[in-house]
Amino acid sequence: MNAPRTRVQRRPVHGVLLLDKPLGLSSNDALQKAKWLLRAEKAGHTGTLDPLATGVLPLCFGAATKFSQLQLDAAKTYEAVALLGTTTTTGDAEGDVLERREVDPTQLTPERLAAVQQQFTGPIRQVPPMHSALKKDGKALYEYARAGVTVEREARDVIIHALKVTLAQAEQGLVAIKLVVTCSKGTYIRTLGEDIGAALGCGAHLTFLRRIDTGGIGIERCVTLAELEAMPEEDRLASLEAPESLLAQHVRVTLDSENAARFLSGVRRRGAWPDASAVAVFGEHPPALLGVGHIVGGELVPDRLLSPLEIQQILEGTPLLEASGTLEKL
C-alpha cells in the first residue's frame with residue numbers, strides 16, 4: 001500500500017521567476033514544477049512556449065500575475081534552425097515528411113539570402129499552422145489536425161521587426177539556415193521557417209527553436225528548473241525578481257502618502273504629468289509598487305492595483321516554512 005501523500009504548505013509569494021524552459025516540457029508543466037518548488041499560492045505564466053522550444057519564460061507569482069498580460073503582448077526574439085529540402089506535417093521535426101527536394105547550396109548566395117531576409121521583414125501575413133492551439137469553433141486546430149481534418153484559416157497580420165538569415169551547418173551533408181527573429185505577438189516561427197523555405201524554392205522545417213528575449217528580458221537573466229531545484233529554499237526565493245521587473249517599459253510615477261492611499265482606492269489623481277499609456281505607480285513612504293495606470297489630460301487613471309495586503313507582504317518578504325514533511329511530488 002502506498003503511503004498517503006502530505007499536502008504541500010502553500011504561502012504568499014510575490015515576484016517573477018525568469019525561467020529558461022527546458023526542451024520537451026509544456027509551459028504549464030514548467031509553471032507547476034516551479035510553483036511546487038517555491039510553495040507558492042498563486043502563479044501564472046506570460047504566454048505559452050511550445051514543448052519543442054526552449055528559452056525565456058517569465059513565470060508570475062502572487063501580485064505579479066496582475067501584469068502577466070504585458071509580457072504576452074511584448075515583442076519576442078527567437079533563434080531557430082530550419083532544415084532545407086524537407087517539409088513536414090507540423091512544420092518541425094515531430095511531423096511526418098510531406099516532401100523531399102534537392103537543395104543546391106551554390107544557389108544560396110549571400111545576395112539571395114539577403115533578398116529573402118528583406119522579403120520577410122516588416123508587416124507580413126501568415127496563415128496559422130494546423131498544428132497550433134488557435135481555436136476554430138471552440139476547438140484547437142491541432143485537434144482537427146490529429147483527426148486528419150484540415151480547416152480553412154484566415155491569414156493574420158504580424159510584424160517581423162528584425163530578421164537575420166544565414167547558412168548553418170547540418171548533419172549528413174544536409175543544408176540548413178539559421179534565423180534570428182524579433183517579432184510581434186501572434187507570430188508563428190514554424191510558419192516563418194516554412195515560408196522562407198518555400199521562397200528559396202526547396203521547402204523547410206524547423207529543427208531547433210529557442211526564445212532568447214521577451215519584452216527586454218534576455219536569456220542571460222534566466223534560471224533553469226534544475227538549477228532552481230538544486231538551490232536551498234532561501235536561494236529559490238532570492239532568485240525571484242520583483243513584480244515591477246515586468247514594468248521596465250513603463251513611465252514611473254511616485255505618489256506621496258495621501259495620494260498613494262487615494263490611488264489604491266481607485267481614485268484618479270491630478271498632476272503635472274505628460275500623457276502616457278503605460279505608467280508604473282509607486283508610493284513614496286514606503287517605497288512600494290502600487291499598480292499600473294495611464295495618464296491622460298493630467299489625470300493618473302488606475303488600471304491594475306495591488307491590494308494593501310499584497311503590498312505589505314512584499315515589503316515584509318516571504319517567511320520560510322518548515323521544510324520537513326511538507327512537500328509532495330508532482
# chains A, B, ... in the order shown; residues from 1 in each chain; ligands from 1
>>> residues_around(residues="Leu37 in chain A", least_positions_apart="6", cutoff="8 Å", atoms="only C-alpha atoms", output="PyMOL selection string")
chain A and resi 228-229+236
>>> write_last_selection(atoms="N, CA and C atoms", output="short mmCIF file (atom, residue, chain, number, x, y, z; two decimals), in the first residue's frame")
data_model
loop_
_atom_site.label_atom_id
_atom_site.label_comp_id
_atom_site.auth_asym_id
_atom_site.auth_seq_id
_atom_site.Cartn_x
_atom_site.Cartn_y
_atom_site.Cartn_z
N LEU A 228 17.15 25.66 -10.10
CA LEU A 228 16.22 26.05 -9.04
C LEU A 228 16.05 24.91 -8.04
N GLU A 229 15.92 23.70 -8.54
CA GLU A 229 15.70 22.55 -7.66
C GLU A 229 16.92 22.28 -6.78
N ARG A 236 16.07 29.93 -3.58
CA ARG A 236 14.98 29.90 -4.56
C ARG A 236 14.17 31.19 -4.49
#
>>> residues_around(residues="Gly148 in chain A", least_positions_apart="4", cutoff="12 Å", atoms="only C-alpha atoms", output="PyMOL selection string")
chain A and resi 89+130-131+141-144
>>> closest_atom_pairs(of="range 180-294 of chain A", to="range 61-84 of chain A", cutoff="8 Å", atoms="only C-alpha atoms", output="Markdown table")
| residue | atom | partner | partner_atom | distance |
| --- | --- | --- | --- | --- |
| A:Val180 | CA | A:Glu79 | CA | 4.6 |
| A:Val181 | CA | A:Tyr78 | CA | 5.2 |
| A:Thr182 | CA | A:Thr77 | CA | 4.1 |
| A:Cys183 | CA | A:Ala75 | CA | 5.6 |
| A:Ser184 | CA | A:Ala75 | CA | 4.7 |
| A:Lys185 | CA | A:Asp73 | CA | 5.8 |
| A:Ile189 | CA | A:Ala80 | CA | 7.9 |
| A:Gly193 | CA | A:Ala82 | CA | 6.1 |
| A:Gly197 | CA | A:Leu84 | CA | 6.4 |
| A:Cys202 | CA | A:Leu84 | CA | 6.4 |
| A:Gly203 | CA | A:Leu84 | CA | 5.9 |
| A:Ala204 | CA | A:Leu84 | CA | 4.3 |
| A:His205 | CA | A:Ala82 | CA | 5.2 |
| A:Leu206 | CA | A:Ala82 | CA | 4.2 |
| A:Thr207 | CA | A:Val81 | CA | 5.7 |
| A:Phe208 | CA | A:Val81 | CA | 5.0 |
| A:Leu209 | CA | A:Ala80 | CA | 4.4 |
| A:Arg210 | CA | A:Glu79 | CA | 5.2 |
| A:Arg211 | CA | A:Tyr78 | CA | 4.3 |
| A:Ile212 | CA | A:Tyr78 | CA | 5.6 |
| A:Asp213 | CA | A:Thr77 | CA | 5.0 |
| A:Thr214 | CA | A:Lys76 | CA | 4.4 |
| A:Gly215 | CA | A:Ala74 | CA | 4.9 |
| A:Ala242 | CA | A:Ala64 | CA | 8.0 |
| A:Pro243 | CA | A:Ala64 | CA | 4.7 |
| A:Glu244 | CA | A:Ala64 | CA | 7.8 |
| A:Leu246 | CA | A:Phe67 | CA | 7.0 |
>>> residues_around(residues="range 267-273 of chain A", least_positions_apart="5", cutoff="9 Å", atoms="only C-alpha atoms", output="list of chain:residue names")
A:Val253, A:Asn259, A:Ala261, A:Arg262, A:Ile295, A:Val296, A:Gly297, A:Gly298, A:Glu299, A:Leu300, A:Val301, A:Pro302
>>> atom_distance(atom1="CA of Thr224 in chain A", atom2="CA of Asp20 in chain A")
5.0 Å
>>> select_by_dssp(residues="range 49-262 of chain A", states="alpha helix (DSSP H)", output="number ranges by chain")
A: 68-72, 110-119, 141-146, 189-199, 225-230, 233-238, 257-262
>>> decode(residues="range 39-58 of chain A", atoms="C-alpha atoms", output="mmCIF file, in the first residue's frame")
data_model
loop_
_atom_site.group_PDB
_atom_site.id
_atom_site.type_symbol
_atom_site.label_atom_id
_atom_site.label_comp_id
_atom_site.auth_asym_id
_atom_site.auth_seq_id
_atom_site.Cartn_x
_atom_site.Cartn_y
_atom_site.Cartn_z
ATOM 1 C CA ARG A 39 5.383 26.503 -2.486
ATOM 2 C CA ALA A 40 3.529 29.471 -3.944
ATOM 3 C CA GLU A 41 -0.200 30.026 -3.512
ATOM 4 C CA LYS A 42 -0.851 31.730 -6.847
ATOM 5 C CA ALA A 43 1.030 31.521 -10.134
ATOM 6 C CA GLY A 44 0.645 32.066 -13.862
ATOM 7 C CA HIS A 45 2.809 32.251 -16.976
ATOM 8 C CA THR A 46 3.109 35.002 -19.573
ATOM 9 C CA GLY A 47 2.047 33.048 -22.640
ATOM 10 C CA THR A 48 2.913 29.548 -23.743
ATOM 11 C CA LEU A 49 6.160 28.349 -25.253
ATOM 12 C CA ASP A 50 5.929 25.155 -27.329
ATOM 13 C CA PRO A 51 7.241 21.961 -25.667
ATOM 14 C CA LEU A 52 9.758 21.683 -28.537
ATOM 15 C CA ALA A 53 11.040 25.217 -27.834
ATOM 16 C CA THR A 54 13.404 26.280 -25.059
ATOM 17 C CA GLY A 55 14.212 29.646 -23.566
ATOM 18 C CA VAL A 56 12.779 32.670 -21.813
ATOM 19 C CA LEU A 57 9.504 32.010 -19.993
ATOM 20 C CA PRO A 58 8.697 34.558 -17.260
#
